[in-house]
Amino acid sequence: MTKTRLEAFSDGTFAIILTILVLELKVPELENSSFAVFLEAMKILAPKFISFLFSFFIIAIFWINHHHILHKVHKVDSIFLWLNIAMLFSACLFPFITAFIGDYPSNPFVVAIYPLNMALSSLILGKFWKYAFVETDLAPNSLTDEEKKKRINQDRMAMFINLASAVLAFVWVPITLAQIMIMPFMFVIPELSAGMKEEE
């Protein structure tokens with residue numbers, strides 16, 4: 001099997017997910033043209049806009065990682081296809097969770113769902129990478145044992161932090177919200193930077 005249809009289907013799904021995200025940003029109703037009314041409407045819209053902005057960024061990061069993996073994969077099999085479906089499933093949950101948090105940003109049960117889905121997404125993406133680069137010959141296996149171990153440990157650490165963050169939501173919600181925003185910069189951005197250097 002070739003990877004062309006997999007790439008087309010995945011890119012289309014990611015595009016739809018990103019589009020659905022913005023549909024939750026409803027245009028507020030303004031009673032009049034005063035600045036005070038406008039400011040109040042923006043204050044009400046702020047939680048939804050912030051959750052949209054961050055989720056857009058998160059999904060974009062997952063898509064970029066997905067792109068970097070598929071760029072090096074030269075063939076696919078049934079297991080790889082199902083891992084890809086599983087990753088798209090977790091990504092599809094983000095619009096719903098984003099809207100949920102936008103409506104209830106101080107509810108610990110609602111906020112805890114976000115890092116749980118991030119943990120699920122990271123777990124699947126990690127397995128997606130490992131299956132292609134370590135467990136099979138779908139992609140050239142040019143990584144050293146140390147590089148493989150480093151990647152696996154990063155995935156495990158990300159899982160632990162996300163699960164801990166979900167628990168901390170019941171202690172103090174702002175801790176979890178802060179962790180959600182910091183997490184991508186801790187793990188994903190350095191990895192992407194390293195990937196770009198490799199391509200150069």
# chains A, B, ... in the order shown; residues from 1 in each chain; ligands from 1
>>> residues_around(residues="Ala166 of chain A", least_positions_apart="6", cutoff="12 Å", atoms="only C-alpha atoms", output="PDB file with C-alpha atoms, in the first residue's frame")
ATOM      1  CA  ASN A 107     -14.829  23.601  36.350  1.00  0.00           C
ATOM      2  CA  PRO A 108     -12.121  21.057  37.346  1.00  0.00           C
ATOM      3  CA  PHE A 109     -13.974  18.119  35.774  1.00  0.00           C
ATOM      4  CA  VAL A 110     -14.146  19.932  32.435  1.00  0.00           C
ATOM      5  CA  VAL A 111     -10.581  21.272  32.544  1.00  0.00           C
ATOM      6  CA  ALA A 112      -9.173  17.843  33.461  1.00  0.00           C
ATOM      7  CA  ILE A 113     -10.492  16.390  30.205  1.00  0.00           C
ATOM      8  CA  TYR A 114      -8.053  18.499  28.144  1.00  0.00           C
ATOM      9  CA  PRO A 115      -4.776  17.080  29.531  1.00  0.00           C
ATOM     10  CA  LEU A 116      -6.314  13.597  29.466  1.00  0.00           C
ATOM     11  CA  ASN A 117      -6.935  13.951  25.731  1.00  0.00           C
ATOM     12  CA  MET A 118      -3.466  15.436  25.273  1.00  0.00           C
ATOM     13  CA  ALA A 119      -2.069  12.371  27.056  1.00  0.00           C
ATOM     14  CA  MET A 159       2.195  11.151  29.526  1.00  0.00           C
ATOM     15  CA  PHE A 160       3.042  11.457  33.226  1.00  0.00           C
ATOM     16  CA  TRP A 172      -6.301  24.331  41.673  1.00  0.00           C
ATOM     17  CA  VAL A 173      -7.591  24.791  38.108  1.00  0.00           C
ATOM     18  CA  PRO A 174      -5.064  27.538  37.118  1.00  0.00           C
ATOM     19  CA  ILE A 175      -2.200  25.046  37.605  1.00  0.00           C
ATOM     20  CA  THR A 176      -3.679  22.755  34.979  1.00  0.00           C
ATOM     21  CA  LEU A 177      -4.477  25.621  32.599  1.00  0.00           C
ATOM     22  CA  ALA A 178      -0.878  26.867  32.891  1.00  0.00           C
ATOM     23  CA  GLN A 179       0.529  23.387  32.309  1.00  0.00           C
ATOM     24  CA  ILE A 180      -1.640  22.926  29.231  1.00  0.00           C
TER      25      ILE A 180
END
>>> closest_atom_pairs(of="segment 91-155 of chain A", to="segment 70-83 of chain A", cutoff="9 Å", atoms="only C-alpha atoms", output="CSV")
residue,atom,partner,partner_atom,distance
A:Ile124,CA,A:Leu83,CA,6.9
A:Leu125,CA,A:Leu83,CA,8.2
A:Lys127,CA,A:Leu83,CA,7.7
A:Phe128,CA,A:Leu83,CA,5.9
A:Tyr131,CA,A:Phe80,CA,7.3
A:Ala132,CA,A:Val73,CA,7.0
A:Phe133,CA,A:Val73,CA,8.3
A:Asp137,CA,A:Lys75,CA,8.6
A:Leu138,CA,A:Lys75,CA,5.4
A:Ala139,CA,A:Val73,CA,4.3
A:Pro140,CA,A:Lys72,CA,7.2
>>> write_last_selection(atoms="N, CA and C atoms", output="PDB file, in the first residue's frame")
ATOM      1  N   ILE A 124      -0.686   7.988  21.415  1.00  0.00           N
ATOM      2  CA  ILE A 124      -0.921   7.431  20.079  1.00  0.00           C
ATOM      3  C   ILE A 124       0.131   7.909  19.091  1.00  0.00           C
ATOM      4  N   LEU A 125       0.477   9.200  19.163  1.00  0.00           N
ATOM      5  CA  LEU A 125       1.496   9.739  18.259  1.00  0.00           C
ATOM      6  C   LEU A 125       2.844   9.073  18.510  1.00  0.00           C
ATOM      7  N   LYS A 127       3.314   6.021  19.681  1.00  0.00           N
ATOM      8  CA  LYS A 127       3.230   4.663  19.132  1.00  0.00           C
ATOM      9  C   LYS A 127       3.297   4.697  17.608  1.00  0.00           C
ATOM     10  N   PHE A 128       2.683   5.711  17.015  1.00  0.00           N
ATOM     11  CA  PHE A 128       2.696   5.918  15.567  1.00  0.00           C
ATOM     12  C   PHE A 128       4.138   6.044  15.074  1.00  0.00           C
ATOM     13  N   TYR A 131       6.196   2.673  15.841  1.00  0.00           N
ATOM     14  CA  TYR A 131       5.866   1.573  14.929  1.00  0.00           C
ATOM     15  C   TYR A 131       6.575   1.743  13.589  1.00  0.00           C
ATOM     16  N   ALA A 132       6.645   2.984  13.110  1.00  0.00           N
ATOM     17  CA  ALA A 132       7.256   3.240  11.798  1.00  0.00           C
ATOM     18  C   ALA A 132       8.773   3.185  11.844  1.00  0.00           C
ATOM     19  N   PHE A 133       9.376   3.722  12.914  1.00  0.00           N
ATOM     20  CA  PHE A 133      10.828   3.897  12.945  1.00  0.00           C
ATOM     21  C   PHE A 133      11.580   2.830  13.737  1.00  0.00           C
ATOM     22  N   ASP A 137       9.929  -1.717   9.254  1.00  0.00           N
ATOM     23  CA  ASP A 137      10.787  -1.084   8.247  1.00  0.00           C
ATOM     24  C   ASP A 137       9.988  -0.116   7.372  1.00  0.00           C
ATOM     25  N   LEU A 138       8.897   0.437   7.924  1.00  0.00           N
ATOM     26  CA  LEU A 138       8.090   1.384   7.144  1.00  0.00           C
ATOM     27  C   LEU A 138       8.872   2.656   6.841  1.00  0.00           C
ATOM     28  N   ALA A 139       9.792   2.994   7.735  1.00  0.00           N
ATOM     29  CA  ALA A 139      10.652   4.165   7.536  1.00  0.00           C
ATOM     30  C   ALA A 139      12.091   3.737   7.769  1.00  0.00           C
ATOM     31  N   PRO A 140      13.049   4.433   7.154  1.00  0.00           N
ATOM     32  CA  PRO A 140      14.460   4.085   7.355  1.00  0.00           C
ATOM     33  C   PRO A 140      14.830   4.159   8.836  1.00  0.00           C
TER      34      PRO A 140
END
>>> closest_residue(among="A:Gly126, A:Pro28, A:Pro47, A:Pro105", to="Ala169 of chain A", atoms="only C-alpha atoms")
A:Pro105
>>> select_by_dssp(residues="segment 50-170 of chain A", states="helix (DSSP H, G or I)", output="VMD selection string")
chain A and resid 50 to 72 78 to 103 108 to 135 145 to 168
>>> closest_residue(among="A:Thr98, A:Thr2, A:Asn141, A:Ser34", to="Ile58 of chain A", atoms="only C-alpha atoms")
A:Thr98
>>> closest_residue(among="A:Ala91, A:Lys3, A:Ser51, A:Ile44", to="Ile69 of chain A", atoms="only C-alpha atoms")
A:Lys3
>>> residues_around(residues="Leu25 of chain A", least_positions_apart="3", cutoff="7 Å", atoms="only C-alpha atoms", output="MDAnalysis selection string")
chainID A and resid 22 48:49
>>> atom_distance(atom1="atom CA of Ile97 of chain A", atom2="atom CA of Phe14 of chain A")
15.8 Å
>>> closest_residue(among="A:Leu30, A:Ile16, A:Ile50, A:Met181", to="Ile101 of chain A", atoms="only C-alpha atoms")
A:Ile50
>>> residues_around(residues="Glu29 of chain A", least_positions_apart="2", cutoff="12 Å", atoms="only C-alpha atoms", output="PyMOL selection string")
chain A and resi 26-27+31-33+37-42+44-45
>>> write_last_selection(atoms="all heavy atoms", output="CSV table (one decimal), in the first residue's frame")
chain,number,residue,atom,x,y,z
A,26,LYS,N,-18.9,32.3,18.5
A,26,LYS,CA,-20.1,33.0,18.0
A,26,LYS,C,-19.9,34.5,18.1
A,26,LYS,O,-19.4,35.0,19.1
A,26,LYS,CB,-21.3,32.5,18.9
A,26,LYS,CG,-21.4,31.0,19.0
A,26,LYS,CD,-21.7,30.4,17.7
A,26,LYS,CE,-22.0,28.9,17.9
A,26,LYS,NZ,-22.2,28.2,16.6
A,27,VAL,N,-20.5,35.2,17.2
A,27,VAL,CA,-20.5,36.7,17.2
A,27,VAL,C,-21.4,37.2,18.3
A,27,VAL,O,-22.5,36.8,18.4
A,27,VAL,CB,-21.0,37.3,15.8
A,27,VAL,CG1,-21.0,38.8,15.9
A,27,VAL,CG2,-20.1,36.8,14.7
A,31,GLU,N,-25.9,45.3,22.5
A,31,GLU,CA,-27.1,46.1,22.7
A,31,GLU,C,-27.1,47.5,22.1
A,31,GLU,O,-28.1,48.0,21.6
A,31,GLU,CB,-27.4,46.2,24.2
A,31,GLU,CG,-27.6,44.8,24.8
A,31,GLU,CD,-27.8,45.0,26.3
A,31,GLU,OE1,-27.8,46.1,26.8
A,31,GLU,OE2,-28.0,44.0,27.0
A,32,ASN,N,-25.9,48.1,22.1
A,32,ASN,CA,-25.7,49.4,21.5
A,32,ASN,C,-24.3,49.5,21.0
A,32,ASN,O,-23.5,48.6,21.0
A,32,ASN,CB,-26.1,50.5,22.4
A,32,ASN,CG,-25.4,50.4,23.8
A,32,ASN,OD1,-24.1,50.4,23.8
A,32,ASN,ND2,-26.1,50.3,24.9
A,33,SER,N,-23.9,50.7,20.6
A,33,SER,CA,-22.5,51.0,20.0
A,33,SER,C,-21.6,51.5,21.0
A,33,SER,O,-20.5,52.0,20.7
A,33,SER,CB,-22.6,51.9,18.8
A,33,SER,OG,-23.5,51.4,17.8
A,37,VAL,N,-20.3,48.3,26.3
A,37,VAL,CA,-21.0,47.1,25.9
A,37,VAL,C,-20.0,46.2,25.1
A,37,VAL,O,-20.0,45.0,25.2
A,37,VAL,CB,-22.2,47.5,25.1
A,37,VAL,CG1,-22.8,46.3,24.4
A,37,VAL,CG2,-23.3,48.2,25.9
A,38,PHE,N,-19.2,46.9,24.2
A,38,PHE,CA,-18.3,46.1,23.4
A,38,PHE,C,-17.3,45.4,24.3
A,38,PHE,O,-16.9,44.2,24.1
A,38,PHE,CB,-17.6,47.1,22.5
A,38,PHE,CG,-16.4,46.5,21.8
A,38,PHE,CD1,-16.6,45.6,20.7
A,38,PHE,CD2,-15.1,46.7,22.2
A,38,PHE,CE1,-15.5,45.0,20.0
A,38,PHE,CE2,-14.0,46.1,21.6
A,38,PHE,CZ,-14.2,45.3,20.5
A,39,LEU,N,-16.8,46.2,25.3
A,39,LEU,CA,-15.8,45.6,26.2
A,39,LEU,C,-16.3,44.4,27.0
A,39,LEU,O,-15.7,43.4,27.2
A,39,LEU,CB,-15.3,46.7,27.2
A,39,LEU,CG,-14.0,46.4,27.9
A,39,LEU,CD1,-12.8,46.2,27.0
A,39,LEU,CD2,-13.7,47.5,28.9
A,40,GLU,N,-17.6,44.5,27.4
A,40,GLU,CA,-18.2,43.4,28.2
A,40,GLU,C,-18.4,42.2,27.3
A,40,GLU,O,-18.2,41.1,27.8
A,40,GLU,CB,-19.6,43.9,28.7
A,40,GLU,CG,-20.3,42.9,29.6
A,40,GLU,CD,-19.6,42.5,30.8
A,40,GLU,OE1,-18.8,43.4,31.3
A,40,GLU,OE2,-19.8,41.4,31.3
A,41,ALA,N,-18.8,42.4,26.0
A,41,ALA,CA,-18.9,41.3,25.1
A,41,ALA,C,-17.6,40.6,24.9
A,41,ALA,O,-17.5,39.4,24.8
A,41,ALA,CB,-19.5,41.8,23.8
A,42,MET,N,-16.5,41.4,24.7
A,42,MET,CA,-15.2,40.8,24.6
A,42,MET,C,-14.7,40.0,25.8
A,42,MET,O,-14.1,39.0,25.7
A,42,MET,CB,-14.2,41.9,24.2
A,42,MET,CG,-14.4,42.6,22.9
A,42,MET,SD,-14.3,41.4,21.5
A,42,MET,CE,-16.0,41.1,21.1
A,44,ILE,N,-16.7,38.4,27.8
A,44,ILE,CA,-17.4,37.1,27.8
A,44,ILE,C,-16.8,36.2,26.7
A,44,ILE,O,-16.8,35.0,27.0
A,44,ILE,CB,-18.9,37.4,27.5
A,44,ILE,CG1,-19.6,38.2,28.6
A,44,ILE,CG2,-19.7,36.1,27.3
A,44,ILE,CD1,-21.0,38.6,28.4
A,45,LEU,N,-16.4,36.7,25.6
A,45,LEU,CA,-15.8,35.9,24.5
A,45,LEU,C,-14.4,35.5,24.8
A,45,LEU,O,-14.0,34.5,24.2
A,45,LEU,CB,-15.9,36.7,23.2
A,45,LEU,CG,-15.5,36.0,21.9
A,45,LEU,CD1,-16.5,34.9,21.6
A,45,LEU,CD2,-15.4,37.0,20.8
>>> atom_distance(atom1="atom CA of Arg156 of chain A", atom2="atom CA of Thr144 of chain A")
18.7 Å
>>> atom_distance(atom1="atom CA of Thr136 of chain A", atom2="atom CA of Leu120 of chain A")
22.3 Å
